[in-house]
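*Asks:* This is the structure I have questions about; it appears just below.
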Amino acid sequence: MIPGNKFFLLTFCTALFLSGSATAKPGDAVRGKDIYDKRCTWCHGPDGDGAGVAHDRLNPPPRDFTYGNYKIKTSSFDSMAPNDDDVFRMIRDGMPGTAMPGWSDLLTEQDMWDLVAYVKLFAGFGQFTIKQIDFGSQIPSSAESIEKGKQLFEMGDRCVECHGKTGKGNASKRLIGDLGERTWARNLTKPWTFRGGNDPKDIFVRITTGIAGTVMPSFANPRSKKSLSIEDRWHVANYVASLAKADNKVNAGNTVIKAESVDGELPVTPDDERWEKTVPTTFYLVPQIIAKERFFKPSNDTISVRAMYNDKKVAILMEWDDRTKSIPGDDRAERIADPPLMEDSIAVQLPVTIPEEMEKPYFGMGDAAHPVNIWQWKSGTKDTTESINILNSKGSKDIEKRDAAEIGLQAKSSYINGTWKVLMYRPLTTPGPEKNIQFSEGRFIPVAFAAWDGSNNSESGSKHTMTTWYWLLLKPASGFKPLIAALTVMGLLAVGLLWWARSPRKTIA
Ligand code: HEC
Ligand code: HEC
């Protein structure tokens with residue numbers, strides 16, 4: 001908190017009204033303060049310094065408005081102040097991938113302009129002239145422009161050092177924001193996580209002004225060795241827009257992993273080309289906040305799952321973008337990680353007994369009446385190889401660790417350009433049915449996943465991300481009608497569950 005802040009504010013309120021500043025729509029900062037005190041202080045703090053009660057549970061943290069750093073602005077890189085339209089847009093639409101909600105359902109346009117007027121006062125804006133971006137003339141996207149953009153993106157480590165060779169945000173170094181907080185370069189293959197929009201024009205603006213308060217630089221700054229002409233920035237923007245990978249996107253209605261029936265042998269490596277022909281189902285990974293130790297600052301956000309089976313075995317392939325390959329003891333991994341570095345890990349949770357009815361899923365790690373099998377893979381350390389274990393769990397206090405080899409459960413992994421793929425496979429049936437799930441065709445098998453990024457906040461134990469319960473179905477080769485009806489019903493149920501799981505209020509409650 002800055003001492004004398006209130007006096008400071010009052011002075012600027014007066015200055016603003018007297019100067020009749022060049023706002024897009026005149027906002028009333030006095031009204032704005034009332035709305036702010038009611039809606040925004042929880043995160044941004046009563047003094048606008050980002051120190052609201054929820055602040056230490058959020059990553060990125062709520063903005064400290066007193067520094068005047070606006071990330072998503074259309075003013076030029078050497079103008080600190082944003083345009084009023086920029087601030088308005090962030091309040092109206094929110095910032096995807098962060099706790100900052102959009103307010104258009106709760107507030108009127110006028111309310112939001114009043115907030116713009118008020119929020120800007122925290123940094124004393126109002127007296128500056130704002131320089132605008134030069135857009136030149138937009139170059140429409142084309143194969144040729146995308147190819148030029150790709151070359152510029154990769155050349156001289158221009159974007160790759162932070163965003164990785166294929167844009168997944170797998171930086172070659174540890175990135176820290178201006179306030180000392182750990183930051184990550186955006187995963188450019190997931191444009192729906194962009195804070196400031198993902199059409200080429202938005203991306204052009206981000207490249208041109210950079211993202212204030214973070215290491216993402218301006219590429220219009222002529223003093224930078226990496227700077228780009230206007231034309232080249234359009235090519236790069238077209239390339240970035242082309243990186244969107246639809247496979248990664250969650251389709252809320254799709255809640256069933258459909259294992260394809262295969263005639264011959266199953267693939268035994270995660271990179272086997274036959275996987276590409278199967279359709280993945282993608283789920284959100286949300287932080288584990290039920291058991292201690294609760295966890296609020298995740299980095300993994302989605303997981304895509306495919307499955308195949310034949311008359312002997314079932315194979316499940318999990319794929320997720322993780323910006324860091326966490327191998328404890330490896331020099332490079334240790335440099336990038338939050339210490340202490342832990343192994344990356346993924347787990348599949350399945351009921352020991354497949355429920356007869358499509359029973360309501362149960363949370364956590366099972367209970368006495370619903371024991372679960374957890375198959376957990378870990379990435380290994382410099383001195384040990386990757387491993388897989390089975391946990392038999394009847395809740396977090398009753399866990400038995402078992403050897404996966406006992407029932408022929410195996411795992412193979414690959415990590416390429418910021419993406420883990422882990423393949424787990426096992427015989428359909430095993431000895432000891434009271435302890436091990438027995439797979440059979442045409443049944444809806446509850447399944448859930450958990451992921452650990454060992455470089456992020458030392459994720460391990462109960463500190464991880466997870467999905468809610470979904471379904472695995474060994475799809476009979478011939479298919480049958482009742483299944484299709486059941487699939488539709490489950491899709492609808494899932495939309496409700498997902499809404500619950502993703503509600504931002506829940507994660508900070
Ligand atoms: C649940 C927490 C939360 C609430 C409530 C909240 N914000 Fe935010 N806000 C955030 C976070 C987190 C960020 C930073 C996101 C980032 O850095 O990418 C942010 C960023 C912002 C920004 C910066 C935009 C930019 O371009 O940098 C503005 C402006 C803003 N909030 C205004 C508001 C206003 C006005 C309200 C109340 C109507 C509000 N916020 C309520 C969490 C919140
Ligand atoms: C020094 C590291 C660094 C370099 C170099 C860099 N970026 Fe970024 N970039 C970041 C970080 C960090 C963020 C996330 C900032 C934040 O916290 O919102 C980001 C975010 C982005 C975004 C997301 C914008 C949004 O609306 O969310 C885009 C697009 C982007 N960068 C494109 C590029 C392109 C294209 C290049 C090369 C011309 C580049 N970046 C070079 C670090 C970098």
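In the structure tokens, chains take the letters A, B, ... in the order shown, each chain's residues start at 1, and ligands count up from 1 in the order shown.
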Run DSSP on the backbone and grab whatever in region 2-247 of chain A lands in strand (DSSP E); send it over as a PDB file with all heavy atoms, in the first residue's frame.
*Replies:*
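In the end it all went to part-v8.pdb:
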ATOM      1  N   LEU A 175      11.306 -17.979 -16.701  1.00  0.00           N
ATOM      2  CA  LEU A 175      10.782 -16.636 -16.964  1.00  0.00           C
ATOM      3  C   LEU A 175      10.142 -16.052 -15.702  1.00  0.00           C
ATOM      4  O   LEU A 175       9.365 -16.722 -15.026  1.00  0.00           O
ATOM      5  CB  LEU A 175       9.740 -16.687 -18.095  1.00  0.00           C
ATOM      6  CG  LEU A 175      10.183 -17.352 -19.411  1.00  0.00           C
ATOM      7  CD1 LEU A 175       9.029 -17.371 -20.410  1.00  0.00           C
ATOM      8  CD2 LEU A 175      11.383 -16.641 -20.007  1.00  0.00           C
ATOM      9  N   ILE A 176      10.484 -14.804 -15.427  1.00  0.00           N
ATOM     10  CA  ILE A 176       9.994 -14.140 -14.221  1.00  0.00           C
ATOM     11  C   ILE A 176       9.351 -12.817 -14.628  1.00  0.00           C
ATOM     12  O   ILE A 176       9.909 -12.077 -15.434  1.00  0.00           O
ATOM     13  CB  ILE A 176      11.173 -13.839 -13.254  1.00  0.00           C
ATOM     14  CG1 ILE A 176      11.970 -15.114 -12.932  1.00  0.00           C
ATOM     15  CG2 ILE A 176      10.703 -13.157 -11.984  1.00  0.00           C
ATOM     16  CD1 ILE A 176      11.284 -16.088 -12.019  1.00  0.00           C
ATOM     17  N   ARG A 182       6.726 -16.042 -10.996  1.00  0.00           N
ATOM     18  CA  ARG A 182       7.035 -16.997 -12.046  1.00  0.00           C
ATOM     19  C   ARG A 182       6.032 -16.839 -13.183  1.00  0.00           C
ATOM     20  O   ARG A 182       4.828 -16.797 -12.924  1.00  0.00           O
ATOM     21  CB  ARG A 182       6.918 -18.409 -11.462  1.00  0.00           C
ATOM     22  CG  ARG A 182       7.190 -19.524 -12.438  1.00  0.00           C
ATOM     23  CD  ARG A 182       8.670 -19.764 -12.473  1.00  0.00           C
ATOM     24  NE  ARG A 182       9.109 -20.463 -13.661  1.00  0.00           N
ATOM     25  CZ  ARG A 182       9.331 -21.766 -13.722  1.00  0.00           C
ATOM     26  NH1 ARG A 182       9.103 -22.517 -12.684  1.00  0.00           N
ATOM     27  NH2 ARG A 182       9.782 -22.320 -14.816  1.00  0.00           N
ATOM     28  N   THR A 183       6.491 -16.713 -14.436  1.00  0.00           N
ATOM     29  CA  THR A 183       5.542 -16.649 -15.549  1.00  0.00           C
ATOM     30  C   THR A 183       5.901 -17.690 -16.600  1.00  0.00           C
ATOM     31  O   THR A 183       7.001 -18.227 -16.609  1.00  0.00           O
ATOM     32  CB  THR A 183       5.515 -15.273 -16.257  1.00  0.00           C
ATOM     33  OG1 THR A 183       6.804 -15.040 -16.819  1.00  0.00           O
ATOM     34  CG2 THR A 183       5.153 -14.165 -15.321  1.00  0.00           C
TER      35      THR A 183
END
*Asks:* Counting only C-alpha atoms and all ligand atoms, which protein, DNA or RNA residues come within 7 Å of ligand 2, given as a ChimeraX atom specification?
*Replies:* /A:60,71-72,153,158-163,175,183-186,188,193-198,203,206-207,211,214-217,219,236-237,240
*Asks:* Take the residues from that selection and write them out as a compact mmCIF listing (two decimals), in the first residue's frame, keeping N, CA and C atoms.
*Replies:*
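Here's the written file result_11.txt:
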# COMPACT_ATOMS: atom_id res chain seq x y z
N PRO A 60 -1.83 -16.18 -12.98
CA PRO A 60 -1.17 -14.95 -12.57
C PRO A 60 -1.92 -14.24 -11.45
N LYS A 71 -1.47 -5.19 -19.58
CA LYS A 71 -0.90 -6.20 -20.47
C LYS A 71 -1.49 -6.10 -21.87
N ILE A 72 -2.81 -5.92 -21.93
CA ILE A 72 -3.48 -6.01 -23.22
C ILE A 72 -3.90 -4.61 -23.65
N PHE A 153 9.69 -16.36 -36.98
CA PHE A 153 9.42 -16.84 -35.63
C PHE A 153 10.64 -17.60 -35.10
N ARG A 158 14.16 -15.79 -32.08
CA ARG A 158 13.31 -14.62 -31.83
C ARG A 158 12.15 -14.95 -30.88
N CYS A 159 11.37 -15.93 -31.20
CA CYS A 159 10.22 -16.29 -30.35
C CYS A 159 10.47 -17.61 -29.63
N VAL A 160 11.35 -18.45 -30.25
CA VAL A 160 11.53 -19.83 -29.79
C VAL A 160 12.10 -19.92 -28.37
N GLU A 161 12.98 -18.98 -28.01
CA GLU A 161 13.61 -19.11 -26.69
C GLU A 161 12.56 -19.13 -25.56
N CYS A 162 11.43 -18.46 -25.79
CA CYS A 162 10.38 -18.48 -24.75
C CYS A 162 9.20 -19.36 -25.13
N HIS A 163 8.83 -19.36 -26.42
CA HIS A 163 7.61 -20.10 -26.81
C HIS A 163 7.89 -21.50 -27.32
N LEU A 175 11.31 -17.98 -16.70
CA LEU A 175 10.78 -16.64 -16.96
C LEU A 175 10.14 -16.05 -15.70
N THR A 183 6.49 -16.71 -14.44
CA THR A 183 5.54 -16.65 -15.55
C THR A 183 5.90 -17.69 -16.60
N TRP A 184 4.96 -17.95 -17.46
CA TRP A 184 5.14 -18.90 -18.54
C TRP A 184 4.77 -18.20 -19.83
N ALA A 185 5.52 -18.49 -20.90
CA ALA A 185 5.12 -17.96 -22.21
C ALA A 185 3.86 -18.72 -22.63
N ARG A 186 3.00 -18.03 -23.36
CA ARG A 186 1.74 -18.67 -23.74
C ARG A 186 1.98 -19.88 -24.64
N LEU A 188 1.05 -21.31 -27.74
CA LEU A 188 0.43 -20.69 -28.91
C LEU A 188 -0.44 -21.67 -29.70
N THR A 193 -6.66 -19.69 -25.02
CA THR A 193 -6.13 -19.21 -23.74
C THR A 193 -5.51 -17.82 -23.88
N PHE A 194 -5.54 -17.23 -25.07
CA PHE A 194 -4.95 -15.90 -25.22
C PHE A 194 -5.78 -14.89 -24.43
N ARG A 195 -5.09 -13.99 -23.73
CA ARG A 195 -5.80 -13.00 -22.93
C ARG A 195 -6.43 -11.94 -23.82
N GLY A 196 -5.78 -11.63 -24.92
CA GLY A 196 -6.21 -10.47 -25.71
C GLY A 196 -6.75 -10.84 -27.08
N GLY A 197 -7.32 -12.03 -27.23
CA GLY A 197 -7.92 -12.39 -28.52
C GLY A 197 -6.92 -13.08 -29.43
N ASN A 198 -7.43 -13.85 -30.39
CA ASN A 198 -6.53 -14.68 -31.19
C ASN A 198 -6.67 -14.49 -32.69
N ILE A 203 -3.10 -10.55 -32.49
CA ILE A 203 -1.74 -11.07 -32.31
C ILE A 203 -0.73 -10.04 -32.80
N ARG A 206 -0.20 -7.62 -30.04
CA ARG A 206 0.62 -8.14 -28.95
C ARG A 206 2.10 -8.11 -29.32
N ILE A 207 2.42 -8.52 -30.56
CA ILE A 207 3.82 -8.54 -30.99
C ILE A 207 4.36 -7.12 -31.07
N ILE A 211 3.96 -7.31 -23.97
CA ILE A 211 3.01 -7.46 -22.87
C ILE A 211 3.65 -6.87 -21.62
N THR A 214 5.67 -8.14 -18.21
CA THR A 214 6.18 -9.50 -18.43
C THR A 214 7.40 -9.41 -19.34
N VAL A 215 8.06 -10.56 -19.56
CA VAL A 215 9.24 -10.54 -20.42
C VAL A 215 8.90 -10.52 -21.91
N MET A 216 7.63 -10.65 -22.26
CA MET A 216 7.23 -10.65 -23.68
C MET A 216 7.51 -9.25 -24.25
N PRO A 217 8.52 -9.15 -25.13
CA PRO A 217 8.98 -7.82 -25.58
C PRO A 217 8.16 -7.24 -26.73
N PHE A 219 8.21 -6.06 -30.52
CA PHE A 219 9.03 -6.28 -31.70
C PHE A 219 8.96 -5.10 -32.67
N VAL A 236 4.22 -12.94 -39.10
CA VAL A 236 4.35 -13.70 -37.85
C VAL A 236 2.96 -13.91 -37.22
N ALA A 237 2.13 -12.87 -37.27
CA ALA A 237 0.79 -12.99 -36.69
C ALA A 237 -0.01 -14.07 -37.43
N VAL A 240 1.33 -17.44 -36.24
CA VAL A 240 0.87 -17.79 -34.88
C VAL A 240 -0.60 -18.23 -34.93
*Asks:* Leaving out Ser440 (chain A) and any residue of its chain fewer than 4 positions from it, which residues lie within 12 Å of it when counting only C-alpha atoms, given as a PyMOL selection string?
*Replies:* chain A and resi 259+261+309-314+353-354+427-430+444-445+472-476
*Asks:* Need the shell around Lys168 (chain A): protein/DNA/RNA residues with any atom at most 7 Å away, counting only C-alpha atoms. Skip same-chain ones fewer than 6 positions apart. Format as a list in words?
*Replies:*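 Within the cut-off, the hits are Asn187, Leu188, Thr189, Arg323 and Gly418 of chain A.
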*Asks:* Write to file, as a PDB file, in the first residue's frame, the residues of the selection just made, with N, CA, C and O atoms.
*Replies:*
ATOM      1  N   ASN A 187       1.123 -20.899 -24.485  1.00  0.00           N
ATOM      2  CA  ASN A 187       1.103 -22.025 -25.409  1.00  0.00           C
ATOM      3  C   ASN A 187       0.330 -21.560 -26.649  1.00  0.00           C
ATOM      4  O   ASN A 187      -0.890 -21.422 -26.611  1.00  0.00           O
ATOM      5  N   LEU A 188       1.052 -21.313 -27.735  1.00  0.00           N
ATOM      6  CA  LEU A 188       0.427 -20.686 -28.911  1.00  0.00           C
ATOM      7  C   LEU A 188      -0.435 -21.674 -29.701  1.00  0.00           C
ATOM      8  O   LEU A 188      -1.159 -21.275 -30.612  1.00  0.00           O
ATOM      9  N   THR A 189      -0.387 -22.964 -29.345  1.00  0.00           N
ATOM     10  CA  THR A 189      -1.276 -23.915 -30.020  1.00  0.00           C
ATOM     11  C   THR A 189      -2.654 -23.944 -29.358  1.00  0.00           C
ATOM     12  O   THR A 189      -3.537 -24.657 -29.791  1.00  0.00           O
ATOM     13  N   ARG A 323       5.154 -27.676 -20.171  1.00  0.00           N
ATOM     14  CA  ARG A 323       6.237 -26.856 -20.702  1.00  0.00           C
ATOM     15  C   ARG A 323       7.618 -27.337 -20.274  1.00  0.00           C
ATOM     16  O   ARG A 323       8.627 -26.895 -20.816  1.00  0.00           O
ATOM     17  N   GLY A 418       7.641 -30.065 -25.833  1.00  0.00           N
ATOM     18  CA  GLY A 418       6.650 -29.576 -24.877  1.00  0.00           C
ATOM     19  C   GLY A 418       5.416 -30.445 -24.730  1.00  0.00           C
ATOM     20  O   GLY A 418       4.446 -30.006 -24.112  1.00  0.00           O
TER      21      GLY A 418
END
*Asks:* Contacts of Lys73 (chain A) at 8 Å or less, counting only C-alpha atoms, minus same-chain residues fewer than 5 places along, as a count of residues only?
*Replies:* 7
*Asks:* Identify, on the basis of only C-alpha atoms, every residue whose closest approach to Ala411 (chain A) does not exceed 10 Å; exclude the query and any residue fewer than 6 positions from it along the same chain; express the result as a PyMOL selection string.
*Replies:* chain A and resi 268-270+315-317+375-378+386-389+404+422-426
*Asks:* Sorted by chain and rising residue number, which residues of chain A lie within 8 Å of ligand 1, and what are their closest atom pairs and distances in Å to one decimal, counting only C-alpha atoms and all ligand atoms, as a tab-separated table?
*Replies:*
residue	atom	partner	partner_atom_place_in_ligand_line	distance
A:Ile35	CA	ligand 1	38 (C)	7.0
A:Tyr36	CA	ligand 1	37 (C)	5.5
A:Lys38	CA	ligand 1	37 (C)	8.0
A:Arg39	CA	ligand 1	37 (C)	4.8
A:Cys40	CA	ligand 1	37 (C)	3.5
A:Thr41	CA	ligand 1	5 (C)	6.9
A:Trp42	CA	ligand 1	5 (C)	5.7
A:Cys43	CA	ligand 1	2 (C)	4.4
A:His44	CA	ligand 1	7 (N)	6.2
A:Ala54	CA	ligand 1	2 (C)	7.0
A:His55	CA	ligand 1	2 (C)	7.8
A:Leu58	CA	ligand 1	12 (C)	6.3
A:Asn59	CA	ligand 1	12 (C)	6.7
A:Pro60	CA	ligand 1	17 (O)	5.1
A:Pro61	CA	ligand 1	12 (C)	4.7
A:Pro62	CA	ligand 1	11 (C)	3.5
A:Arg63	CA	ligand 1	14 (C)	4.7
A:Phe65	CA	ligand 1	23 (C)	7.7
A:Asn69	CA	ligand 1	27 (O)	6.5
A:Tyr70	CA	ligand 1	27 (O)	3.6
A:Lys71	CA	ligand 1	27 (O)	3.7
A:Ile72	CA	ligand 1	26 (O)	3.7
A:Lys73	CA	ligand 1	26 (O)	6.0
A:Asp86	CA	ligand 1	26 (O)	6.8
A:Val87	CA	ligand 1	29 (C)	5.0
A:Phe88	CA	ligand 1	29 (C)	7.3
A:Met90	CA	ligand 1	24 (C)	5.4
A:Ile91	CA	ligand 1	32 (C)	5.2
A:Gly94	CA	ligand 1	8 (Fe)	7.5
A:Met95	CA	ligand 1	15 (C)	6.2
A:Gly97	CA	ligand 1	18 (O)	7.8
A:Thr98	CA	ligand 1	12 (C)	5.4
A:Ala99	CA	ligand 1	12 (C)	4.6
A:Met100	CA	ligand 1	42 (C)	3.6
A:Pro101	CA	ligand 1	6 (C)	6.2
A:Trp103	CA	ligand 1	38 (C)	6.4
A:Met112	CA	ligand 1	35 (C)	7.2
A:Leu115	CA	ligand 1	35 (C)	5.4
A:Val116	CA	ligand 1	35 (C)	6.8
A:Val119	CA	ligand 1	35 (C)	6.6
A:Arg195	CA	ligand 1	18 (O)	6.5
A:Gly196	CA	ligand 1	26 (O)	7.9
A:Ala212	CA	ligand 1	27 (O)	7.9
A:Pro504	CA	ligand 1	1 (C)	6.8
A:Arg505	CA	ligand 1	1 (C)	7.0
A:Ile508	CA	ligand 1	1 (C)	7.5
*Asks:* Run DSSP on the backbone and tell me which residues of region 147-337 of chain A come out as helix (DSSP H, G or I); list them as JSON, numbers by chain.
*Replies:* {"A": [147, 148, 149, 150, 151, 152, 153, 154, 155, 156, 157, 160, 161, 162, 163, 191, 192, 193, 200, 201, 202, 203, 204, 205, 206, 207, 208, 209, 230, 231, 232, 233, 234, 235, 236, 237, 238, 239, 240, 241, 242, 246, 247, 248, 273, 274, 275, 276, 277, 331, 332, 333, 334, 335, 336]}
*Asks:* Mind pulling up the distance from CA of His235 (chain A) to CA of Ser218 (chain A)?
*Replies:*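 Atom-to-atom, CA of Ser218 (chain A) to CA of His235 (chain A), that is 15.6 Å.
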*Asks:* Residues at most 10 Å from Asn251 (chain A), counting only C-alpha atoms, excluding those fewer than 3 positions away in the same chain, as a list in words?
*Replies:*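 Listing them by chain and then by number gives Ala246, Asp247, Asn248, Asn254, Thr255, Thr281, Thr282, Phe283, Tyr284, Gly491 and Val495 of chain A.
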*Asks:* Calculate how many Å separate CA of Asp271 (chain A) from CA of Ser414 (chain A), rounding to one decimal.
*Replies:*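 Straight-line distance from CA of Asp271 (chain A) to CA of Ser414 (chain A) works out to 7.5 Å.
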